[in-house]
file upload07.cif (mmCIF, C-alpha atoms and all ligand atoms)
data_query
#
loop_
_atom_site.group_PDB
_atom_site.id
_atom_site.type_symbol
_atom_site.label_atom_id
_atom_site.label_comp_id
_atom_site.auth_asym_id
_atom_site.auth_seq_id
_atom_site.Cartn_x
_atom_site.Cartn_y
_atom_site.Cartn_z
ATOM 1 C CA ASN B 1 -12.622 17.609 -56.229
ATOM 2 C CA ILE B 2 -9.320 18.426 -57.852
ATOM 3 C CA LYS B 3 -6.590 20.169 -55.823
ATOM 4 C CA GLY B 4 -3.403 19.435 -57.753
ATOM 5 C CA PHE B 5 -1.643 18.377 -60.940
ATOM 6 C CA THR B 6 1.206 15.963 -61.732
ATOM 7 C CA PHE B 7 3.050 16.882 -64.926
ATOM 8 C CA ASP B 8 5.107 14.874 -67.362
ATOM 9 C CA LEU B 9 7.773 17.191 -68.821
ATOM 10 C CA ASP B 10 8.859 16.185 -72.317
ATOM 11 C CA GLY B 11 5.887 16.666 -74.668
ATOM 12 C CA VAL B 12 3.715 18.343 -72.032
ATOM 13 C CA ILE B 13 5.638 21.414 -70.858
ATOM 14 C CA THR B 14 8.344 21.591 -73.523
ATOM 15 C CA ASP B 15 9.454 19.611 -76.569
ATOM 16 C CA THR B 16 12.811 18.118 -75.622
ATOM 17 C CA ALA B 17 12.036 15.003 -77.712
ATOM 18 C CA LYS B 18 13.779 16.538 -80.734
ATOM 19 C CA PHE B 19 17.016 16.907 -78.764
ATOM 20 C CA HIS B 20 16.812 13.353 -77.357
ATOM 21 C CA GLU B 21 16.192 12.126 -80.896
ATOM 22 C CA GLN B 22 19.151 14.031 -82.326
ATOM 23 C CA ALA B 23 21.527 12.717 -79.647
ATOM 24 C CA TRP B 24 20.329 9.091 -79.969
ATOM 25 C CA HIS B 25 20.434 9.334 -83.776
ATOM 26 C CA ASP B 26 24.078 10.411 -83.724
ATOM 27 C CA LEU B 27 25.008 7.601 -81.310
ATOM 28 C CA ALA B 28 23.139 5.033 -83.458
ATOM 29 C CA MET B 29 25.082 6.199 -86.545
ATOM 30 C CA GLN B 30 28.361 5.909 -84.656
ATOM 31 C CA ILE B 31 27.717 2.279 -83.671
ATOM 32 C CA GLY B 32 26.258 1.314 -87.044
ATOM 33 C CA VAL B 33 22.567 0.988 -86.202
ATOM 34 C CA ASN B 34 20.195 2.180 -88.940
ATOM 35 C CA TRP B 35 17.965 5.016 -87.769
ATOM 36 C CA SER B 36 14.249 5.254 -88.547
ATOM 37 C CA ASP B 37 11.644 7.804 -87.488
ATOM 38 C CA GLU B 38 9.696 4.913 -85.994
ATOM 39 C CA LEU B 39 12.627 3.985 -83.749
ATOM 40 C CA GLY B 40 12.942 7.647 -82.757
ATOM 41 C CA SER B 41 9.295 7.892 -81.693
ATOM 42 C CA GLN B 42 9.440 4.589 -79.765
ATOM 43 C CA LEU B 43 12.036 6.175 -77.456
ATOM 44 C CA LYS B 44 9.666 8.880 -76.149
ATOM 45 C CA GLY B 45 9.146 8.611 -72.393
ATOM 46 C CA ILE B 46 11.542 5.629 -72.157
ATOM 47 C CA SER B 47 14.423 5.788 -69.642
ATOM 48 C CA ARG B 48 17.993 6.366 -70.785
ATOM 49 C CA MET B 49 19.302 2.758 -70.506
ATOM 50 C CA ASP B 50 16.059 1.272 -71.852
ATOM 51 C CA SER B 51 16.374 3.604 -74.853
ATOM 52 C CA LEU B 52 19.936 2.376 -75.553
ATOM 53 C CA ASN B 53 18.787 -1.242 -75.259
ATOM 54 C CA MET B 54 15.993 -0.598 -77.784
ATOM 55 C CA ILE B 55 18.471 0.935 -80.225
ATOM 56 C CA LEU B 56 20.902 -1.981 -79.845
ATOM 57 C CA SER B 57 18.059 -4.498 -80.340
ATOM 58 C CA ALA B 58 16.863 -2.643 -83.440
ATOM 59 C CA GLY B 59 20.370 -3.144 -84.881
ATOM 60 C CA GLY B 60 20.674 -6.782 -83.750
ATOM 61 C CA GLN B 61 23.432 -5.729 -81.314
ATOM 62 C CA GLN B 62 21.644 -6.565 -78.039
ATOM 63 C CA ASP B 63 24.453 -8.906 -76.857
ATOM 64 C CA LYS B 64 27.431 -7.033 -78.286
ATOM 65 C CA TYR B 65 28.450 -4.736 -75.394
ATOM 66 C CA SER B 66 29.313 -5.103 -71.707
ATOM 67 C CA ASP B 67 27.444 -3.139 -69.025
ATOM 68 C CA ASP B 68 30.439 -0.781 -68.730
ATOM 69 C CA GLU B 69 30.412 -0.097 -72.465
ATOM 70 C CA LYS B 70 26.681 0.552 -72.347
ATOM 71 C CA GLN B 71 27.162 2.972 -69.434
ATOM 72 C CA ALA B 72 29.759 4.789 -71.542
ATOM 73 C CA PHE B 73 27.323 5.055 -74.485
ATOM 74 C CA THR B 74 24.540 6.494 -72.304
ATOM 75 C CA ALA B 75 27.022 8.946 -70.730
ATOM 76 C CA GLN B 76 28.119 10.062 -74.191
ATOM 77 C CA LYS B 77 24.511 10.454 -75.376
ATOM 78 C CA ASN B 78 23.669 12.474 -72.274
ATOM 79 C CA ALA B 79 26.690 14.778 -72.658
ATOM 80 C CA HIS B 80 25.569 15.535 -76.221
ATOM 81 C CA TYR B 81 21.932 16.002 -75.090
ATOM 82 C CA VAL B 82 22.974 18.386 -72.300
ATOM 83 C CA GLU B 83 24.893 20.420 -74.901
ATOM 84 C CA LEU B 84 21.797 20.548 -77.138
ATOM 85 C CA ILE B 85 19.478 21.784 -74.340
ATOM 86 C CA GLN B 86 21.767 24.662 -73.325
ATOM 87 C CA GLY B 87 19.872 27.000 -75.648
ATOM 88 C CA ILE B 88 16.421 26.373 -74.107
ATOM 89 C CA THR B 89 14.613 29.564 -72.998
ATOM 90 C CA PRO B 90 11.115 30.378 -71.630
ATOM 91 C CA ASP B 91 10.048 30.736 -75.293
ATOM 92 C CA ASP B 92 10.318 26.948 -75.543
ATOM 93 C CA ILE B 93 7.367 26.369 -73.195
ATOM 94 C CA LEU B 94 4.600 24.664 -75.232
ATOM 95 C CA PRO B 95 1.527 26.747 -76.251
ATOM 96 C CA GLY B 96 -0.925 27.444 -73.422
ATOM 97 C CA MET B 97 1.249 26.064 -70.639
ATOM 98 C CA THR B 98 2.588 29.344 -69.246
ATOM 99 C CA ALA B 99 -0.995 30.570 -68.869
ATOM 100 C CA PHE B 100 -2.122 27.250 -67.372
ATOM 101 C CA LEU B 101 0.705 27.294 -64.791
ATOM 102 C CA SER B 102 -0.296 30.782 -63.685
ATOM 103 C CA GLU B 103 -3.961 29.701 -63.445
ATOM 104 C CA ILE B 104 -2.828 26.849 -61.190
ATOM 105 C CA LYS B 105 -0.947 29.254 -58.947
ATOM 106 C CA SER B 106 -3.667 31.891 -58.697
ATOM 107 C CA GLY B 107 -6.347 29.220 -58.188
ATOM 108 C CA GLY B 108 -4.502 27.830 -55.157
ATOM 109 C CA TYR B 109 -3.723 24.466 -56.786
ATOM 110 C CA VAL B 110 -0.377 22.673 -56.397
ATOM 111 C CA ALA B 111 1.798 20.969 -59.031
ATOM 112 C CA SER B 112 4.705 18.504 -59.186
ATOM 113 C CA ILE B 113 6.847 16.897 -61.901
ATOM 114 C CA ALA B 114 6.720 13.193 -62.867
ATOM 115 C CA SER B 115 9.392 13.015 -65.583
ATOM 116 C CA ALA B 116 11.685 10.074 -66.353
ATOM 117 C CA SER B 117 14.386 12.629 -67.201
ATOM 118 C CA LYS B 118 17.331 13.117 -64.861
ATOM 119 C CA ASN B 119 17.767 16.475 -66.608
ATOM 120 C CA ALA B 120 14.335 17.766 -65.529
ATOM 121 C CA PRO B 121 15.632 20.220 -62.853
ATOM 122 C CA LYS B 122 18.003 21.806 -65.396
ATOM 123 C CA ILE B 123 15.248 22.096 -68.020
ATOM 124 C CA LEU B 124 12.753 23.694 -65.586
ATOM 125 C CA GLU B 125 15.436 26.191 -64.613
ATOM 126 C CA LYS B 126 16.095 27.118 -68.254
ATOM 127 C CA LEU B 127 12.337 27.508 -68.814
ATOM 128 C CA GLY B 128 12.165 29.749 -65.719
ATOM 129 C CA ILE B 129 9.363 27.732 -64.062
ATOM 130 C CA THR B 130 11.119 25.879 -61.204
ATOM 131 C CA ASP B 131 9.085 27.791 -58.594
ATOM 132 C CA ASP B 132 5.772 26.767 -60.154
ATOM 133 C CA PHE B 133 6.264 23.264 -58.742
ATOM 134 C CA VAL B 134 6.215 22.018 -55.156
ATOM 135 C CA GLY B 135 8.752 19.368 -56.144
ATOM 136 C CA ILE B 136 10.182 16.967 -58.722
ATOM 137 C CA VAL B 137 10.304 13.174 -58.412
ATOM 138 C CA ASP B 138 13.952 12.078 -58.588
ATOM 139 C CA PRO B 139 13.919 9.369 -61.288
ATOM 140 C CA ALA B 140 17.040 7.801 -59.699
ATOM 141 C CA THR B 141 14.781 6.675 -56.807
ATOM 142 C CA LEU B 142 12.422 4.660 -59.047
ATOM 143 C CA SER B 143 12.398 0.877 -59.364
ATOM 144 C CA HIS B 144 10.000 0.842 -62.327
ATOM 145 C CA GLY B 145 9.458 3.128 -65.317
ATOM 146 C CA LYS B 146 6.121 4.168 -66.841
ATOM 147 C CA PRO B 147 3.588 2.452 -67.321
ATOM 148 C CA ASP B 148 4.232 1.452 -63.690
ATOM 149 C CA PRO B 149 2.335 3.943 -61.462
ATOM 150 C CA GLU B 150 5.349 4.518 -59.140
ATOM 151 C CA ILE B 151 6.462 7.892 -60.551
ATOM 152 C CA PHE B 152 2.942 9.385 -60.452
ATOM 153 C CA THR B 153 2.273 7.967 -56.981
ATOM 154 C CA LYS B 154 5.477 9.681 -55.780
ATOM 155 C CA ALA B 155 4.536 12.918 -57.566
ATOM 156 C CA GLY B 156 1.157 12.755 -55.778
ATOM 157 C CA ASN B 157 2.861 12.180 -52.415
ATOM 158 C CA ILE B 158 4.909 15.338 -52.993
ATOM 159 C CA LEU B 159 1.590 17.218 -53.298
ATOM 160 C CA LYS B 160 0.303 15.610 -50.057
ATOM 161 C CA LEU B 161 -3.005 14.860 -51.819
ATOM 162 C CA ASN B 162 -5.071 11.731 -52.433
ATOM 163 C CA PRO B 163 -5.038 10.328 -55.987
ATOM 164 C CA SER B 164 -8.722 11.308 -56.398
ATOM 165 C CA GLN B 165 -7.716 14.975 -55.911
ATOM 166 C CA ILE B 166 -5.115 14.908 -58.712
ATOM 167 C CA ILE B 167 -5.081 15.253 -62.498
ATOM 168 C CA GLY B 168 -1.952 13.892 -64.259
ATOM 169 C CA LEU B 169 -0.883 15.303 -67.631
ATOM 170 C CA GLU B 170 0.856 13.054 -70.201
ATOM 171 C CA ASP B 171 1.623 12.834 -73.925
ATOM 172 C CA ALA B 172 2.795 9.178 -73.961
ATOM 173 C CA SER B 173 0.469 6.175 -73.777
ATOM 174 C CA ALA B 174 2.669 4.470 -71.147
ATOM 175 C CA GLY B 175 2.372 7.673 -69.107
ATOM 176 C CA VAL B 176 -1.435 7.745 -69.341
ATOM 177 C CA GLU B 177 -1.495 4.113 -68.177
ATOM 178 C CA ALA B 178 0.776 5.031 -65.252
ATOM 179 C CA ILE B 179 -1.512 7.910 -64.178
ATOM 180 C CA LYS B 180 -4.610 5.725 -64.291
ATOM 181 C CA ALA B 181 -2.862 2.914 -62.387
ATOM 182 C CA ALA B 182 -1.885 5.469 -59.708
ATOM 183 C CA GLY B 183 -5.609 6.250 -59.273
ATOM 184 C CA GLN B 184 -5.276 9.804 -60.583
ATOM 185 C CA THR B 185 -7.354 11.285 -63.420
ATOM 186 C CA ALA B 186 -5.435 11.248 -66.707
ATOM 187 C CA LEU B 187 -5.418 14.221 -69.047
ATOM 188 C CA GLY B 188 -3.920 12.900 -72.294
ATOM 189 C CA ILE B 189 -2.338 15.221 -74.860
ATOM 190 C CA GLY B 190 -2.103 14.271 -78.544
ATOM 191 C CA LEU B 191 -2.737 11.094 -80.538
ATOM 192 C CA ALA B 192 -0.224 8.778 -78.837
ATOM 193 C CA ALA B 193 -1.840 9.485 -75.451
ATOM 194 C CA LYS B 194 -5.380 8.902 -76.797
ATOM 195 C CA SER B 195 -4.730 5.206 -77.440
ATOM 196 C CA ALA B 196 -4.470 4.589 -73.675
ATOM 197 C CA SER B 197 -8.012 5.998 -73.108
ATOM 198 C CA PRO B 198 -7.367 8.902 -70.711
ATOM 199 C CA GLN B 199 -10.453 10.226 -68.869
ATOM 200 C CA LEU B 200 -9.740 13.679 -70.365
ATOM 201 C CA TRP B 201 -8.096 14.359 -73.697
ATOM 202 C CA VAL B 202 -6.930 17.291 -75.840
ATOM 203 C CA ALA B 203 -5.255 17.363 -79.241
ATOM 204 C CA SER B 204 -2.737 19.980 -78.136
ATOM 205 C CA THR B 205 -1.469 21.792 -75.030
ATOM 206 C CA ALA B 206 -3.026 25.012 -76.406
ATOM 207 C CA GLU B 207 -6.463 23.681 -75.335
ATOM 208 C CA ILE B 208 -5.524 23.159 -71.674
ATOM 209 C CA SER B 209 -7.117 25.510 -69.118
ATOM 210 C CA LEU B 210 -8.987 25.159 -65.812
ATOM 211 C CA ALA B 211 -12.243 26.066 -67.583
ATOM 212 C CA ASN B 212 -11.758 23.363 -70.242
ATOM 213 C CA ILE B 213 -10.883 20.806 -67.574
ATOM 214 C CA ALA B 214 -14.039 21.710 -65.632
ATOM 215 C CA ALA B 215 -16.060 21.356 -68.841
ATOM 216 C CA GLY B 216 -14.774 17.808 -69.342
ATOM 217 C CA MET B 217 -12.620 18.386 -72.417
ATOM 218 C CA GLN B 218 -14.022 15.444 -74.419
ATOM 219 C CA SER B 219 -13.153 16.628 -77.917
HETATM 220 P P1 LIG B 301 17.235 11.667 -69.487
HETATM 221 P P2 LIG B 301 9.529 12.511 -69.893
HETATM 222 C C1 LIG B 301 11.729 11.263 -70.873
HETATM 223 O O1 LIG B 301 11.081 12.448 -70.412
HETATM 224 C C2 LIG B 301 11.980 11.401 -72.365
HETATM 225 O O2 LIG B 301 10.734 11.405 -73.056
HETATM 226 C C3 LIG B 301 12.813 10.236 -72.856
HETATM 227 O O3 LIG B 301 13.067 10.363 -74.248
HETATM 228 C C4 LIG B 301 14.136 10.204 -72.076
HETATM 229 O O4 LIG B 301 14.957 9.118 -72.496
HETATM 230 C C5 LIG B 301 13.817 10.073 -70.589
HETATM 231 O O5 LIG B 301 12.999 11.175 -70.186
HETATM 232 C C6 LIG B 301 15.085 10.077 -69.744
HETATM 233 O O6 LIG B 301 15.714 11.326 -69.916
HETATM 234 O O7 LIG B 301 18.135 10.906 -70.395
HETATM 235 O O8 LIG B 301 17.313 13.161 -69.666
HETATM 236 O O9 LIG B 301 17.398 11.250 -68.043
HETATM 237 O O10 LIG B 301 8.622 12.380 -71.102
HETATM 238 O O11 LIG B 301 9.334 11.395 -68.881
HETATM 239 O O12 LIG B 301 9.452 13.888 -69.281
HETATM 240 MG MG MG B 302 6.379 12.885 -72.252
#
call {"tool": "encode", "arguments": {"input": "upload07.cif", "output": "structure tokens"}}
result
Amino acid sequence: NIKGFTFDLDGVITDTAKFHEQAWHDLAMQIGVNWSDELGSQLKGISRMDSLNMILSAGGQQDKYSDDEKQAFTAQKNAHYVELIQGITPDDILPGMTAFLSEIKSGGYVASIASASKNAPKILEKLGITDDFVGIVDPATLSHGKPDPEIFTKAGNILKLNPSQIIGLEDASAGVEAIKAAGQTALGIGLAAKSASPQLWVASTAEISLANIAAGMQS
């Protein structure tokens, strides 16, 4: 039986994707790579350097820059992104999630964060929900990104629970794969997550509650 939850952040608790997209878009323009909405959506859930590499490849520039130059581009993108997220407030928590986090607390469940974002602690603080989580996996400690199970396994270790006692929440298909590979039960959110066949699925965060989870959520 379920005792805890591992949460992705972007797309599950708040929508920071639009700020990532804006910052990557502006960098792509600067270096002469054509932007498309498809490219923007491919970057969801992907780490910072992997995102830059995808943008460079999309523009045929995969061999153009040294590692130092690429570090400088990711630093510039992040500085812009950090500027864009300054205005985040608790109002930016996705529908249903404030209520779900308080259900978790009052039901005696525990929760942790499995986000690829190095900015996750700052974002949780702006949303005012840092204390709702036992801990956050530090993405700097990871050797593999999603769909590798590593980040969800570490998020489960933070909870001191077995994988069979945990539900992981994700909006990206690579994230759903990672949860399943970690032996946890995947709760997928939205169409992109559905393609990876999560055990539980909802169209939107507004449908997430302990009662719906108990009822099996197969909509
Ligand atoms: P940062 P998640 C991911 O967050 C984002 O979806 C992805 O677009 C971003 O590149 C990645 O975090 C790294 O973020 O540049 O802030 O370290 O979905 O894993 O919560
Ligand atoms: Mg996500």
call {"tool": "resolve_selection", "arguments": {"input": "upload07.cif", "expression": "the PyMOL selection byres (((not hetatm)) within 6 of (chain B and resi 302))", "output": "PyMOL selection string"}}
result
chain B and resi 8-11+45+170-172
call {"tool": "axis_aligned_box", "arguments": {"input": "upload07.cif", "around": "segment 147-164 of chain B", "padding_each_side": "3 Å", "output": "lines of an AutoDock Vina configuration file"}}
result
center_x = -1.1
center_y = 9.3
center_z = -58.7
size_x = 21.2
size_y = 21.8
size_z = 23.3
call {"tool": "closest_atom_pairs", "arguments": {"input": "upload07.cif", "of": "chain B", "to": "ligand LIG 301 (chain B)", "cutoff": "7 Å", "atoms": "all atoms listed in the file", "output": "JSON lines"}}
result
{"residue": "B:Asp8", "atom": "CA", "partner": "B:LIG301", "partner_atom": "O12", "distance": 4.9}
{"residue": "B:Leu9", "atom": "CA", "partner": "B:LIG301", "partner_atom": "O12", "distance": 3.7}
{"residue": "B:Asp10", "atom": "CA", "partner": "B:LIG301", "partner_atom": "O12", "distance": 3.9}
{"residue": "B:Gly11", "atom": "CA", "partner": "B:LIG301", "partner_atom": "O10", "distance": 6.2}
{"residue": "B:Ala17", "atom": "CA", "partner": "B:LIG301", "partner_atom": "O3", "distance": 5.9}
{"residue": "B:His20", "atom": "CA", "partner": "B:LIG301", "partner_atom": "O3", "distance": 5.7}
{"residue": "B:Leu43", "atom": "CA", "partner": "B:LIG301", "partner_atom": "O3", "distance": 5.4}
{"residue": "B:Lys44", "atom": "CA", "partner": "B:LIG301", "partner_atom": "O2", "distance": 4.1}
{"residue": "B:Gly45", "atom": "CA", "partner": "B:LIG301", "partner_atom": "O2", "distance": 3.3}
{"residue": "B:Ile46", "atom": "CA", "partner": "B:LIG301", "partner_atom": "C3", "distance": 4.8}
{"residue": "B:Ser47", "atom": "CA", "partner": "B:LIG301", "partner_atom": "C6", "distance": 4.3}
{"residue": "B:Arg48", "atom": "CA", "partner": "B:LIG301", "partner_atom": "O4", "distance": 4.4}
{"residue": "B:Ser51", "atom": "CA", "partner": "B:LIG301", "partner_atom": "O4", "distance": 6.2}
{"residue": "B:Asn78", "atom": "CA", "partner": "B:LIG301", "partner_atom": "O7", "distance": 6.1}
{"residue": "B:Ala114", "atom": "CA", "partner": "B:LIG301", "partner_atom": "O11", "distance": 6.8}
{"residue": "B:Ser115", "atom": "CA", "partner": "B:LIG301", "partner_atom": "O11", "distance": 3.7}
{"residue": "B:Ala116", "atom": "CA", "partner": "B:LIG301", "partner_atom": "O11", "distance": 3.7}
{"residue": "B:Ser117", "atom": "CA", "partner": "B:LIG301", "partner_atom": "O6", "distance": 3.3}
{"residue": "B:Lys118", "atom": "CA", "partner": "B:LIG301", "partner_atom": "O9", "distance": 3.7}
{"residue": "B:Asn119", "atom": "CA", "partner": "B:LIG301", "partner_atom": "O8", "distance": 4.5}
{"residue": "B:Ala120", "atom": "CA", "partner": "B:LIG301", "partner_atom": "O8", "distance": 6.9}
call {"tool": "resolve_selection", "arguments": {"input": "upload07.cif", "expression": "the PyMOL selection byres (((chain B and resi 148) around 12) and not hetatm)", "output": "ChimeraX atom specification"}}
result
/B:46,116,142-147,149-154,173-183
call {"tool": "write_last_selection", "arguments": {"input": "upload07.cif", "atoms": "C-alpha atoms", "output": "CSV table (one decimal), in the coordinates of the input"}}
result
chain,number,residue,atom,x,y,z
B,46,ILE,CA,11.5,5.6,-72.2
B,116,ALA,CA,11.7,10.1,-66.4
B,142,LEU,CA,12.4,4.7,-59.0
B,143,SER,CA,12.4,0.9,-59.4
B,144,HIS,CA,10.0,0.8,-62.3
B,145,GLY,CA,9.5,3.1,-65.3
B,146,LYS,CA,6.1,4.2,-66.8
B,147,PRO,CA,3.6,2.5,-67.3
B,149,PRO,CA,2.3,3.9,-61.5
B,150,GLU,CA,5.3,4.5,-59.1
B,151,ILE,CA,6.5,7.9,-60.6
B,152,PHE,CA,2.9,9.4,-60.5
B,153,THR,CA,2.3,8.0,-57.0
B,154,LYS,CA,5.5,9.7,-55.8
B,173,SER,CA,0.5,6.2,-73.8
B,174,ALA,CA,2.7,4.5,-71.1
B,175,GLY,CA,2.4,7.7,-69.1
B,176,VAL,CA,-1.4,7.7,-69.3
B,177,GLU,CA,-1.5,4.1,-68.2
B,178,ALA,CA,0.8,5.0,-65.3
B,179,ILE,CA,-1.5,7.9,-64.2
B,180,LYS,CA,-4.6,5.7,-64.3
B,181,ALA,CA,-2.9,2.9,-62.4
B,182,ALA,CA,-1.9,5.5,-59.7
B,183,GLY,CA,-5.6,6.2,-59.3
call {"tool": "closest_residue", "arguments": {"input": "upload07.cif", "among": "B:Gln86, B:Thr6, B:Thr130, B:Thr74", "to": "Met49 of chain B", "atoms": "all atoms listed in the file"}}
result
B:Thr74
call {"tool": "residues_around", "arguments": {"input": "upload07.cif", "residues": "His80 of chain B", "least_positions_apart": "6", "cutoff": "12 Å", "atoms": "only C-alpha atoms", "output": "count of residues only"}}
result
12
